[in-house]
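Encoded as structure tokens, the structure appears first; notes follow it.
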2 protein chains.
Amino acid sequence: MTYHMLTEATAAGHLGTIAAICDRLGGTPADWVVQEVGDGNLNLVFLVTGPDGGVAVKQALPYVRMVGESWPLPLSRAYYERLALADQARCAPHRVPALVHHDDAMALTVMDYLVPHRTLRGALVEGLRYPRLAEHLAEFLANTLFFTSDLAVPVAQKKARIAAYLGNTAMCRISEDLIFDEPFFDAQMNWHTPGLEDVVSRFQADIPLRLAAQEMKARFLAAPEALLHGDLHTGSVMVTQDDSKVIDPEFAFYGPIGFDVGMIIANLWLAAFAQAGLRPDTPHDDWLVEQADSLWQDFAERFADHWRNIDRADEAGALHALARQDDVLREAAISARLDAIWRDMLGFAGCEIIRRILGLAHVADFESIADVNTRAKCERQALSFGRALLVERDRFPDMAAIRPIIASELVPA
Amino acid sequence: MTYHMLTEATAAGHLGTIAAICDRLGGTPADWVVQEVGDGNLNLVFLVTGPDGGVAVKQALPYVRMVGESWPLPLSRAYYERLALADQARCAPHRVPALVHHDDAMALTVMDYLVPHRTLRGALVEGLRYPRLAEHLAEFLANTLFFTSDLAVPVAQKKARIAAYLGNTAMCRISEDLIFDEPFFDAQMNWHTPGLEDVVSRFQADIPLRLAAQEMKARFLAAPEALLHGDLHTGSVMVTQDDSKVIDPEFAFYGPIGFDVGMIIANLWLAAFAQAGLRPDTPHDDWLVEQADSLWQDFAERFADHWRNIDRADEAGALHALARQDDVLREAAISARLDAIWRDMLGFAGCEIIRRILGLAHVADFESIADVNTRAKCERQALSFGRALLVERDRFPDMAAIRPIIASELVPA
């Protein structure tokens with residue numbers, strides 16, 4: 001089967017040739033309802049339902065959907081996505097949609113139809129809450145990041161996995177450009193809310209800030225610590241009151257653990273900064289900041305527990321094998337490693353906050369604030385915090401040092 | 001041609017079938033003189049000379065030569081060696097022997113016959129000096145490390161090179177075990193000079209030291225900054241008064257820049273610590289310590305100059321592309337990067353010093369000190385310094401902070 005783009009009209013016919021999909025949907029393809037719902041920047045997404053169930057069908061396009069054919073992007077991202085979905089499912093089976101079928105030539109990934117899930121970002125814009133969100137995200141992060149790292153995987157096997165993802169360069173390149181470079185110069189596709197011009201020009205002349213962003217880029221380029229999701233913002237999380245699933249790992253590669261952690265925490269902080277603008281008449285509350293806090297604490301505890309629970313007799317990971325026989329060394333190593341992840345997390349979160357306001361790809365949290373002056377005010381607060389995360393990291397030894405700083409900004413705009 | 005081991009008797013016949021070798025040697029294979037001179041731990045090495053010239057012929061064995069068939073080691077190391085020789089020759093053509101021929105199936109690498117070069121380690125044991133040594137080693141390091149890094153190479157191309165070396169896991173594993181793990185526990189193959197028992201047991205109980213060594217191991221495992229030689233001790237350098245060549249890159253892989261720099265500097269420091277024991281009646285002099293100092297300064301200047309000289313119009317490396325348009329940012333980035341390499345260098349040097357005294361693979365510098373008590377005294381001083389490099393790195397902001405510390409130890413034993 002050579003590549004061709006599916007449509008709402010042709011999808012059922014194509015999918016009807018695949019036994020695993022027929023089994024799940026029931027009936028015949030003529031009975032199936034197909035709806036194209038892709039609202040992301042890159043791909044086609046079809047929801048296909050039949051008498052017995054449904055599937056979500058994602059097809060990569062040979063270009064960036066939001067821009068068009070002038071920005072080509074390789075179909076191979078579908079291959080890396082299904083590779084990552086399978087690796088993540090081994091580490092955190094309850095936190096990712098099950099893979100039903102894949103077709104690399106068609107750049108097609110068929111997964112569980114997640115109902116009644118919705119995208120976390122949209123839900124947060126509406127002010128909704130999810131009691132198990134932090135716990136679920138911590139589980140995804142701790143499991144996928146620990147169990148693909150040098151702490152858990154024998155070194156030759158880990159290097160083979162690094163190699164398996166090294167070809168996903170086009171997707172990494174998007175992050176390299178959009179997160180670490182473009183927000184810090186006058187790049188063509190940058191845009192920002194009117195009123196932030198002074199911050200833009202200040203940041204572009206800010207040597208310590210630009211240097212710190214490049215140092216995070218150096219980590220992004222050459223620190224293959226674990227398999228990363230690579231694009232873990234709140235638009236990559238689907239939620240219900242009881243469940244959370246992480247989707248869309250097409251940016252997957254082996255990188256620094258703090259990147260995934262920093263991306264998702266930054267997006268919770270962005271949502272917090274947007275609150276006062278979205279709901280100026282609602283009394284301020286700390287729920288979002290608390291979620292970021294809980295997420296980190298829960299991640300750190302789970303990561304440490306995975307480490308403590310490694311079988312002492314197993315060779316397992318190359319790193320800290322010695323610590324398995326020595327509790328004091330192991331606890332010192334856990335503490336040092338979590339400190340290093342924390343520092344990376346802050347730096348990557350700082351980059352994410354800045355690029356979501358000054359770069360190409362903005363977030364609905366701020367864009368949904370109709371009043372331009374209010375939006376600019378919220379964004380200005382977030383930018384100031386983002387800069388501090390990058391250049392004044394020593395001010396933030398833990399979440400207790402961060403919460404009051406965010407809280408003091410979150411007075412209604 | 002399937003693999004078979006060459007001997008002094010069969011080598012000329014085999015090599016006589018290869019035009020490039022016949023051209024260089026002249027005459028007929030019957031005229032050639034073959035001498036097996038391998039004194040390393042791993043391989044066969046033949047020097048083959050004919051009427052017109054000579055070649056050095058290295059053949060990997062399917063096991064570790066110094067141990068025997070009980071320690072198998074893949075022949076693929078010859079493949080990685082010739083890959084690295086070619087990559088290094090592109091970056092630093094005057095600092096490596098030219099590759100004349102390779103045969104991956106035979107695990108054979110044929111290179112320039114370096115005459116009248118000798119191995120640097122042996123020469124240093126004899127107290128010989130080489131006026132251009134530091135300059136040449138700095139050239140090798142700065143050129144190979146800068147021009148294979150994210151500062152000089154477009155990111156997709158660099159990732160392809162990382163992948164090309166990722167299979168060299170067996171050689172990396174030797175370093176992982178012997179440098180970072182075994183010296184810090186009661187490993188079976190460890191040995192040490194009698195009289196150091198107290199240091200051995202103190203180090204094995206030293207949590208900060210063991211943690212620092214594991215943190216260097218984490219960098220070794222997951223920081224593919226540049227193509228490393230991977231085994232750059234003074235036995236991998238061939239010298240004359242006018243020339244220095246780096247040989248034996250079979251441990252090559254993409255790793256942290258500070259590893260290669262730290263290995264060679266540590267070996268100069270080891271030679272310095274051995275001096276007082278080797279020549280107790282000779283007045284102390286600082287030549288070796290000065291060489292380490294010059295090597296670092298020259299490396300740092302060359303690395304910075306390569307950075308400054310990147311074509312501003314070229315896309316080149318992914319990292320600090322922005323800095324090409326902004327001298328202030330670029331100089332800040334150079335300074336920050338050299339600081340980071342310096343810190344890595346100290347840590348890796350500390351590991352190397354300790355493992356060469358307490359691990360499996362010792363160095364002739366100390367082993368040539370006949371008197372056991374004198375040897376133990378020199379080694380004890382080096383061990384104390386090695387530990388400081390790992391756990392008190394903040395004490396050493398630059399070479400000026402290190403020289404007096406080594407010098408104070410170097411009174412005749």
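Residues in the structure tokens are numbered from 1 in each chain, the chains being A, B, ... in the order shown, and ligands are numbered from 1 in the order shown.
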
Would you kindly report the residues of chain A within 9 Å of chain B, using only C-alpha atoms, as a ChimeraX atom specification?
-> /A:150,155-156,159-160,162-164,166-170,173,176,181,184-185,206-208,210-211,214-215,217-219,221-225,255,318-323,328-330,332-333,336-337

May I have all residues of region 10-234 of chain B that DSSP, computed from the backbone, assigns to strand (DSSP E), given as a PyMOL selection string?
-> chain B and resi 33-36+43-49+54-60+63-64+68-72+99-103+108-112+118-119+226-228

Generate a file of the selected residues that holds N, CA and C atoms, formatted as a short mmCIF file (atom, residue, chain, number, x, y, z; two decimals), in the first residue's frame.
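So the final result, stored in out-v8.cif, reads:
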data_model
loop_
_atom_site.label_atom_id
_atom_site.label_comp_id
_atom_site.auth_asym_id
_atom_site.auth_seq_id
_atom_site.Cartn_x
_atom_site.Cartn_y
_atom_site.Cartn_z
N VAL B 33 59.95 -7.40 5.74
CA VAL B 33 60.26 -7.85 7.09
C VAL B 33 59.03 -7.60 7.97
N VAL B 34 58.60 -8.63 8.65
CA VAL B 34 57.40 -8.53 9.49
C VAL B 34 57.79 -8.77 10.94
N GLN B 35 57.35 -7.86 11.79
CA GLN B 35 57.66 -8.01 13.21
C GLN B 35 56.40 -7.75 14.03
N GLU B 36 56.04 -8.70 14.86
CA GLU B 36 54.86 -8.50 15.72
C GLU B 36 55.33 -7.77 16.96
N ASN B 43 45.30 -6.32 21.09
CA ASN B 43 45.39 -6.65 19.68
C ASN B 43 46.75 -7.19 19.26
N LEU B 44 46.80 -7.71 18.01
CA LEU B 44 48.07 -7.98 17.35
C LEU B 44 48.49 -6.71 16.61
N VAL B 45 49.79 -6.41 16.63
CA VAL B 45 50.30 -5.29 15.84
C VAL B 45 51.57 -5.76 15.13
N PHE B 46 51.56 -5.63 13.79
CA PHE B 46 52.72 -6.00 13.00
C PHE B 46 53.32 -4.75 12.37
N LEU B 47 54.64 -4.64 12.44
CA LEU B 47 55.31 -3.62 11.64
C LEU B 47 55.86 -4.34 10.42
N VAL B 48 55.51 -3.85 9.23
CA VAL B 48 55.90 -4.52 7.99
C VAL B 48 56.68 -3.52 7.16
N THR B 49 57.93 -3.86 6.84
CA THR B 49 58.76 -2.92 6.07
C THR B 49 59.27 -3.59 4.80
N GLY B 54 57.19 1.41 4.97
CA GLY B 54 56.59 0.46 5.90
C GLY B 54 55.15 0.80 6.23
N VAL B 55 54.47 -0.14 6.83
CA VAL B 55 53.12 0.09 7.36
C VAL B 55 53.01 -0.56 8.73
N ALA B 56 52.08 -0.03 9.52
CA ALA B 56 51.73 -0.67 10.78
C ALA B 56 50.40 -1.38 10.56
N VAL B 57 50.33 -2.62 10.95
CA VAL B 57 49.16 -3.45 10.69
C VAL B 57 48.60 -3.89 12.04
N LYS B 58 47.36 -3.50 12.28
CA LYS B 58 46.74 -3.84 13.56
C LYS B 58 45.61 -4.81 13.28
N GLN B 59 45.60 -5.92 13.99
CA GLN B 59 44.49 -6.86 13.83
C GLN B 59 43.86 -7.15 15.19
N ALA B 60 42.54 -6.95 15.24
CA ALA B 60 41.83 -7.26 16.47
C ALA B 60 41.73 -8.77 16.64
N TYR B 63 39.24 -11.73 21.38
CA TYR B 63 39.27 -11.72 22.84
C TYR B 63 40.29 -10.68 23.28
N VAL B 64 40.34 -10.43 24.58
CA VAL B 64 41.31 -9.49 25.14
C VAL B 64 42.66 -10.18 25.21
N GLY B 68 43.11 -13.40 27.41
CA GLY B 68 42.93 -14.65 26.67
C GLY B 68 41.47 -14.88 26.30
N GLU B 69 41.19 -16.08 25.80
CA GLU B 69 39.88 -16.35 25.22
C GLU B 69 38.75 -16.32 26.24
N SER B 70 39.11 -16.33 27.52
CA SER B 70 38.07 -16.27 28.54
C SER B 70 37.41 -14.90 28.60
N TRP B 71 38.01 -13.87 27.96
CA TRP B 71 37.41 -12.54 27.93
C TRP B 71 37.18 -12.16 26.47
N PRO B 72 36.07 -12.60 25.90
CA PRO B 72 35.82 -12.30 24.49
C PRO B 72 35.55 -10.81 24.28
N LEU B 99 45.32 6.32 7.23
CA LEU B 99 44.78 4.98 7.02
C LEU B 99 45.18 4.53 5.62
N VAL B 100 45.85 3.38 5.52
CA VAL B 100 46.30 2.88 4.22
C VAL B 100 45.30 1.87 3.65
N HIS B 101 44.73 1.07 4.54
CA HIS B 101 43.83 0.00 4.10
C HIS B 101 43.05 -0.49 5.32
N HIS B 102 41.81 -0.94 5.06
CA HIS B 102 41.11 -1.62 6.15
C HIS B 102 40.33 -2.79 5.58
N ASP B 103 40.09 -3.77 6.42
CA ASP B 103 39.35 -4.97 6.03
C ASP B 103 38.52 -5.36 7.26
N LEU B 108 41.14 -5.78 10.35
CA LEU B 108 42.50 -5.35 10.04
C LEU B 108 42.51 -3.86 9.70
N THR B 109 43.45 -3.14 10.32
CA THR B 109 43.60 -1.72 10.05
C THR B 109 45.06 -1.47 9.71
N VAL B 110 45.32 -0.97 8.51
CA VAL B 110 46.70 -0.76 8.07
C VAL B 110 46.95 0.74 7.97
N MET B 111 48.00 1.19 8.65
CA MET B 111 48.26 2.62 8.79
C MET B 111 49.71 2.94 8.46
N ASP B 112 49.99 4.25 8.40
CA ASP B 112 51.37 4.72 8.38
C ASP B 112 52.21 4.01 9.43
N ARG B 118 58.02 7.01 19.22
CA ARG B 118 57.89 6.03 20.29
C ARG B 118 56.69 6.40 21.14
N THR B 119 56.29 5.46 21.98
CA THR B 119 55.12 5.69 22.82
C THR B 119 55.44 6.73 23.89
N ALA B 226 30.46 15.01 21.32
CA ALA B 226 31.44 15.02 20.23
C ALA B 226 32.02 13.62 20.08
N LEU B 227 32.70 13.39 18.96
CA LEU B 227 33.37 12.11 18.75
C LEU B 227 34.61 12.05 19.64
N LEU B 228 34.61 11.11 20.56
CA LEU B 228 35.75 10.95 21.46
C LEU B 228 36.70 9.89 20.94
#

From the set A:Ile354, A:Leu61, A:Leu141, A:Ile334, which residue has the shortest atom-to-atom contact distance to Arg308 (chain A), counting only C-alpha atoms?
->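 Using only C-alpha atoms, Arg308 (chain A) sits closest to A:Ile334.
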
With only C-alpha atoms as the counted atoms, please give the residues lying no more than 10 Å from Met66 (chain A), apart from itself and same-chain residues fewer than 6 positions off, as a compact mmCIF listing (two decimals) with C-alpha atoms, in the first residue's frame.
# COMPACT_ATOMS: atom_id res chain seq x y z
CA ASP A 39 -7.54 20.23 15.58
CA GLY A 40 -3.80 19.94 16.04
CA ASN A 41 -1.18 21.56 13.92
CA LEU A 42 0.16 18.60 12.02
CA ASN A 43 -2.09 15.66 11.15

Nearest residue to Leu83 (chain B) from the set B:Gly317, B:Pro249, B:Gly386, B:Pro183 (distances using only C-alpha atoms) | B:Pro249
